[in-house]
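Q: Here you go, one structure.
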Protein chains: 2
Amino acid sequence: MKEIGIGLLGFGTVGAGVVAGLQQNGDLIAERLGVNLVVRKIADVDLERDRGVKVDPALLTRDAVAVIEDPRVDIVVELIGGTGVAKDLIVLALERGKPVVTANKALLASCGGEIFELADRKRVDLYFGASVGGGMPIVRVLRQGLIANQVDAIHGILNGTCNYILTRMEKERVSFEAALAEAQKQGYAEADPALDIDGLDTAHKAAILASIAYGFFVPLEHVYVEGIRNVGEQDIQYALDLGYRIKLLAVVKRHGTKVEVRVHPTMVPLNHMLASVSGVYNAVMVKGDLAGSTLYYGRGAGREPTASTVIGDIADIARNLMAGAPRRFKALAKASHRFKIMEIGDVETRYYLRLTLLDKPGVLAQITSVLGEHEISLASVLQKEAATGAYVPVVIITHRAKEKQLAAALKKIDVLPVVGARTVKFRIEDHQ
Amino acid sequence: MKEIGIGLLGFGTVGAGVVAGLQQNGDLIAERLGVNLVVRKIADVDLERDRGVKVDPALLTRDAVAVIEDPRVDIVVELIGGTGVAKDLIVLALERGKPVVTANKALLASCGGEIFELADRKRVDLYFGASVGGGMPIVRVLRQGLIANQVDAIHGILNGTCNYILTRMEKERVSFEAALAEAQKQGYAEADPALDIDGLDTAHKAAILASIAYGFFVPLEHVYVEGIRNVGEQDIQYALDLGYRIKLLAVVKRHGTKVEVRVHPTMVPLNHMLASVSGVYNAVMVKGDLAGSTLYYGRGAGREPTASTVIGDIADIARNLMAGAPRRFKALAKASHRFKIMEIGDVETRYYLRLTLLDKPGVLAQITSVLGEHEISLASVLQKEAATGAYVPVVIITHRAKEKQLAAALKKIDVLPVVGARTVKFRIEDHQ
């Protein structure tokens, strides 16, 4: 049987997973593919560490450039991550005309424009299925299966750490801090969890999905981001009382020639499929004008799931190489119609507001009057029992309003003498 | 821009959807694909009926063979359905070396062996994404994205009519007959609903998914099938009380060298993602040894969703043709290791049994004694209030047992003088 040579850059968790996956299921994959995928070289700075997988020491090298330049390497797989050396190596591989598979979301979200451009100029395959959603085939589906669709909206739970924390906060009725500590103990959160819990990891993925869906590179800076540090235990319970669950969502939506791309804690109706996604699992719902709503669910991270997707990408390129047809796809098919990113101030949603108000007559009237001045109308009001002292939490659900109107209203509300603490705000995504 | 010519066989609901989809999003698709998809000929027996889509009358013909033989037709799309003329036309197209897209599940489930074989011998592309799951990309995912995985199990809700009926029965607390009538009124069920509600449509799809997953043609006759006619209102409520929801599931599972392929009403734990799939939606969960559990959800039928998948398949073949690389995939990649279908009698699950028993002391002991003789042990027993008369419903959940043991036990139980009606049985699929 013919062979396709793989050169691996980065022998960390996912790199070891790819090697282990090919060892475990190599015969099965060859049977399905009609060609053997053979790892020819592996570059890493650390050649000593035990990765729990056996490899011929002769494959290992510290020289990543030599891996790319090895004529027996047909496909370069970049699993180093980050925006430093990984970028230089991908650029080198593409320059040399070698197809690249990468799982590097940070790189694509920050320098995707340049890298997509280079791959297209060189007419080389660039696959990045594992950059979003681990074992979930969302990149593949958007690039291929849904090609007939104008994408109306994408709603995604794209970070397993955040989803685990929010699930624990609800189930165990614990604080954010306690749930984070638990996630760290379980190995679901890093010692420095900022990248996950502040929403940046989700924003990387949102930028990539928006880029594919709308055919232009959406740089990370254009994604509005809020993380989950401010989600309180009580908000999770109030949300449930109102029929919602709080999830960190990536929201990508088209409005005529504009596209919104935002990441923030979001209230999702309990009967929505995304509300059923718990623990470290990820899911994405895509609304297309023909397919309607479709959803993809799976493990968003981890050695084996990510390796599964990386090998799937390698297999696709191997088919192309075998058929003598490299670059069957553009890395990013550009739209002739140029969309603009909508300013967050122009985004319109419904809101959940938790106010901390003095418990005396006339106070709520002051609040609703300020909201009214900014043309924000109320859908419902829920007054909770006073916990301690003179202040009570009051929860308001608004009708649809623009972000900038709400921001202006809250600016006035939060300085009123009857308001005891900064108002907590979450956006609501209803069925649309 | 270059053009790829499409020849359509069958101008019914889906055929009209494909034409409408290409009209609506043709420019967008061409932009993404780098080639224009152009419908060159449409064959149907009825050239008069209004399909709600405008086409040049010169494209229409009653002569399907002429469509296949037209040199301007590069891809043949079969949307006639059924196992009659559709088969002859697909065979003709493949014989002539023309790539084929089909949504014909009945044909593939009954004659897939022959058709896959022919496509492979002729080295011609055969895509059948819309044969399972409408707008849900399950065929694509199994053939491509999950290629690195040994498939451990597939659990699917694959018939929207049945899922709609079961959802209505639960939500509105109505009988099967009332829910079926409602489904017919809403256009979700045919005047003759047998193909759906007796499980045959789901069995077609189960056979196709099992064939792809295990690399050998699984003929329809080897799929064990039970429909939903026997699901009672009370069973749905008892299931809920016990923490389960009843769904018509296709279950495909590997045990060493054997594979089970079965379709029947199944109790699914409420916290399982499949339990959240309501109404006409479909979903499939696939458990792979690397990817873990992934789930795909969407509309399993309907004009636009099915057209979305058919156009996705056409686009893939168009890419192949443009790249000069037809038959990038085998229609069915054969496994060297030959799996066997497990007899239903050897299948092991847990069971829900609803017995109708005389309400007097010692009766339950008679039942448990028969079960014990057949090595079936009880996980829980739920005795309901007597509705009318001397008989009461008693619900038993068993531990895991073989189908043939249970069948033997029920044969004895149902003739006991204390048993007032045939025992109702549902299989349980727990998290595994």
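Just so we're on the same page: first chain in the structure tokens is A, next is B, and so on; residues restart at 1 for each chain, and ligands are numbered from 1 in the order they show up.
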Could the residues of chain A within 7 Å of chain B, counting only C-alpha atoms, be given as a count of residues only, please?

A: 37

Q: Do a neighbour search on stretch 250-256 of chain B at 6 Å with only C-alpha atoms, toss out local chain neighbours closer than 3 positions, and write the hits as JSON, numbers by chain.

A: {"B": [152, 153, 154, 155, 156, 206, 259, 260, 261, 262, 263]}

Q: Atom CA of A:Ala239 and atom CA of A:Val370 are how many Å apart?

A: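 About the pair atom CA of A:Ala239 and atom CA of A:Val370: they are 23.6 Å apart.
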
Q: Can you check which residues of stretch 105-309 of chain B DSSP gives as strand (DSSP E) on the backbone and send them as number ranges by chain?

A: B: 126-127, 151-157, 224-225, 244-255, 258-269, 281-288, 292-299

Q: Would you mind writing down, as an MDAnalysis selection string, each residue of stretch 17-106 of chain B that DSSP on the backbone assigns to alpha helix (DSSP H)?

A: chainID B and resid 17:33 64:69 85:95 105:106

Q: Between B:Leu382, B:Gly187, B:Ala109, B:Ala213, single out the one closest to B:Val151, counting only C-alpha atoms.

A: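 Ranked by minimum distance to B:Val151, first place goes to B:Ala213.
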
Q: Can you measure atom CA of B:Leu355 to atom CA of B:Ile367 for me? One decimal in Å is fine.

A: 9.3 Å

Q: Show which residues sit within 12 Å of B:Arg245, as a count of residues only. Count only C-alpha atoms, and ignore same-chain residues fewer than 5 positions away.

A: 34

Q: What's around A:Ala407 at 12 Å? Count only C-alpha atoms, leave out sequence neighbours fewer than 3 positions away in its own chain, and write the answer as a list in words.

A: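 The filter keeps Ile344, Gly345, Asp346, Val347, Glu348, Tyr351, Leu353, Val370, Leu371, His374, Ile376, Ala401, Lys402, Glu403, Lys404, Leu410, Lys411, Lys412, Ile413, Asp414, Thr423, Val424 and Lys425 of chain A.
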
Q: Those selected residues, please, written with N, CA and C atoms and delivered as a PDB file, in the first residue's frame.

A:
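The file below, part-v6.pdb, is the result:
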ATOM      1  N   ILE A 344     -20.651  46.790  19.082  1.00  0.00           N
ATOM      2  CA  ILE A 344     -21.419  46.173  20.179  1.00  0.00           C
ATOM      3  C   ILE A 344     -22.564  47.093  20.605  1.00  0.00           C
ATOM      4  N   GLY A 345     -22.366  48.399  20.542  1.00  0.00           N
ATOM      5  CA  GLY A 345     -23.421  49.343  20.932  1.00  0.00           C
ATOM      6  C   GLY A 345     -24.682  49.229  20.094  1.00  0.00           C
ATOM      7  N   ASP A 346     -24.541  48.723  18.875  1.00  0.00           N
ATOM      8  CA  ASP A 346     -25.698  48.600  17.984  1.00  0.00           C
ATOM      9  C   ASP A 346     -26.394  47.249  18.087  1.00  0.00           C
ATOM     10  N   VAL A 347     -25.785  46.356  18.852  1.00  0.00           N
ATOM     11  CA  VAL A 347     -26.378  45.025  18.994  1.00  0.00           C
ATOM     12  C   VAL A 347     -27.649  45.118  19.830  1.00  0.00           C
ATOM     13  N   GLU A 348     -28.673  44.397  19.422  1.00  0.00           N
ATOM     14  CA  GLU A 348     -29.963  44.449  20.097  1.00  0.00           C
ATOM     15  C   GLU A 348     -30.286  43.073  20.668  1.00  0.00           C
ATOM     16  N   TYR A 351     -32.485  41.657  27.836  1.00  0.00           N
ATOM     17  CA  TYR A 351     -31.536  41.651  28.952  1.00  0.00           C
ATOM     18  C   TYR A 351     -32.167  41.138  30.233  1.00  0.00           C
ATOM     19  N   LEU A 353     -31.477  41.929  34.094  1.00  0.00           N
ATOM     20  CA  LEU A 353     -30.785  42.884  34.961  1.00  0.00           C
ATOM     21  C   LEU A 353     -31.038  42.486  36.413  1.00  0.00           C
ATOM     22  N   VAL A 370     -36.156  55.614  34.480  1.00  0.00           N
ATOM     23  CA  VAL A 370     -34.892  55.799  33.740  1.00  0.00           C
ATOM     24  C   VAL A 370     -34.860  54.884  32.516  1.00  0.00           C
ATOM     25  N   LEU A 371     -35.261  53.630  32.716  1.00  0.00           N
ATOM     26  CA  LEU A 371     -35.283  52.698  31.580  1.00  0.00           C
ATOM     27  C   LEU A 371     -36.203  53.229  30.479  1.00  0.00           C
ATOM     28  N   HIS A 374     -34.903  55.780  28.190  1.00  0.00           N
ATOM     29  CA  HIS A 374     -34.005  55.236  27.157  1.00  0.00           C
ATOM     30  C   HIS A 374     -34.709  54.229  26.259  1.00  0.00           C
ATOM     31  N   ILE A 376     -36.417  51.604  26.903  1.00  0.00           N
ATOM     32  CA  ILE A 376     -36.276  50.197  27.245  1.00  0.00           C
ATOM     33  C   ILE A 376     -37.510  49.772  28.016  1.00  0.00           C
ATOM     34  N   ALA A 401     -33.629  45.689  23.241  1.00  0.00           N
ATOM     35  CA  ALA A 401     -33.121  47.064  23.291  1.00  0.00           C
ATOM     36  C   ALA A 401     -31.686  47.056  22.790  1.00  0.00           C
ATOM     37  N   LYS A 402     -31.264  48.229  22.341  1.00  0.00           N
ATOM     38  CA  LYS A 402     -29.881  48.329  21.867  1.00  0.00           C
ATOM     39  C   LYS A 402     -28.935  48.424  23.058  1.00  0.00           C
ATOM     40  N   GLU A 403     -27.778  47.818  22.891  1.00  0.00           N
ATOM     41  CA  GLU A 403     -26.729  47.822  23.899  1.00  0.00           C
ATOM     42  C   GLU A 403     -26.391  49.248  24.374  1.00  0.00           C
ATOM     43  N   LYS A 404     -26.303  50.187  23.450  1.00  0.00           N
ATOM     44  CA  LYS A 404     -25.894  51.534  23.872  1.00  0.00           C
ATOM     45  C   LYS A 404     -26.991  52.235  24.662  1.00  0.00           C
ATOM     46  N   LEU A 410     -28.053  52.304  32.382  1.00  0.00           N
ATOM     47  CA  LEU A 410     -27.400  51.745  33.568  1.00  0.00           C
ATOM     48  C   LEU A 410     -26.431  52.744  34.195  1.00  0.00           C
ATOM     49  N   LYS A 411     -25.840  53.582  33.352  1.00  0.00           N
ATOM     50  CA  LYS A 411     -24.931  54.610  33.858  1.00  0.00           C
ATOM     51  C   LYS A 411     -25.679  55.533  34.822  1.00  0.00           C
ATOM     52  N   LYS A 412     -26.910  55.882  34.427  1.00  0.00           N
ATOM     53  CA  LYS A 412     -27.726  56.733  35.304  1.00  0.00           C
ATOM     54  C   LYS A 412     -28.233  55.965  36.518  1.00  0.00           C
ATOM     55  N   ILE A 413     -28.678  54.732  36.284  1.00  0.00           N
ATOM     56  CA  ILE A 413     -29.266  53.954  37.372  1.00  0.00           C
ATOM     57  C   ILE A 413     -28.246  53.687  38.478  1.00  0.00           C
ATOM     58  N   ASP A 414     -27.035  53.316  38.067  1.00  0.00           N
ATOM     59  CA  ASP A 414     -26.059  52.874  39.068  1.00  0.00           C
ATOM     60  C   ASP A 414     -25.558  53.991  39.998  1.00  0.00           C
ATOM     61  N   THR A 423     -25.266  47.241  38.923  1.00  0.00           N
ATOM     62  CA  THR A 423     -26.260  46.341  38.343  1.00  0.00           C
ATOM     63  C   THR A 423     -25.583  45.259  37.510  1.00  0.00           C
ATOM     64  N   VAL A 424     -26.025  44.021  37.729  1.00  0.00           N
ATOM     65  CA  VAL A 424     -25.492  42.887  36.965  1.00  0.00           C
ATOM     66  C   VAL A 424     -26.373  42.680  35.741  1.00  0.00           C
ATOM     67  N   LYS A 425     -25.738  42.472  34.604  1.00  0.00           N
ATOM     68  CA  LYS A 425     -26.479  42.389  33.331  1.00  0.00           C
ATOM     69  C   LYS A 425     -26.073  41.148  32.555  1.00  0.00           C
TER      70      LYS A 425
END
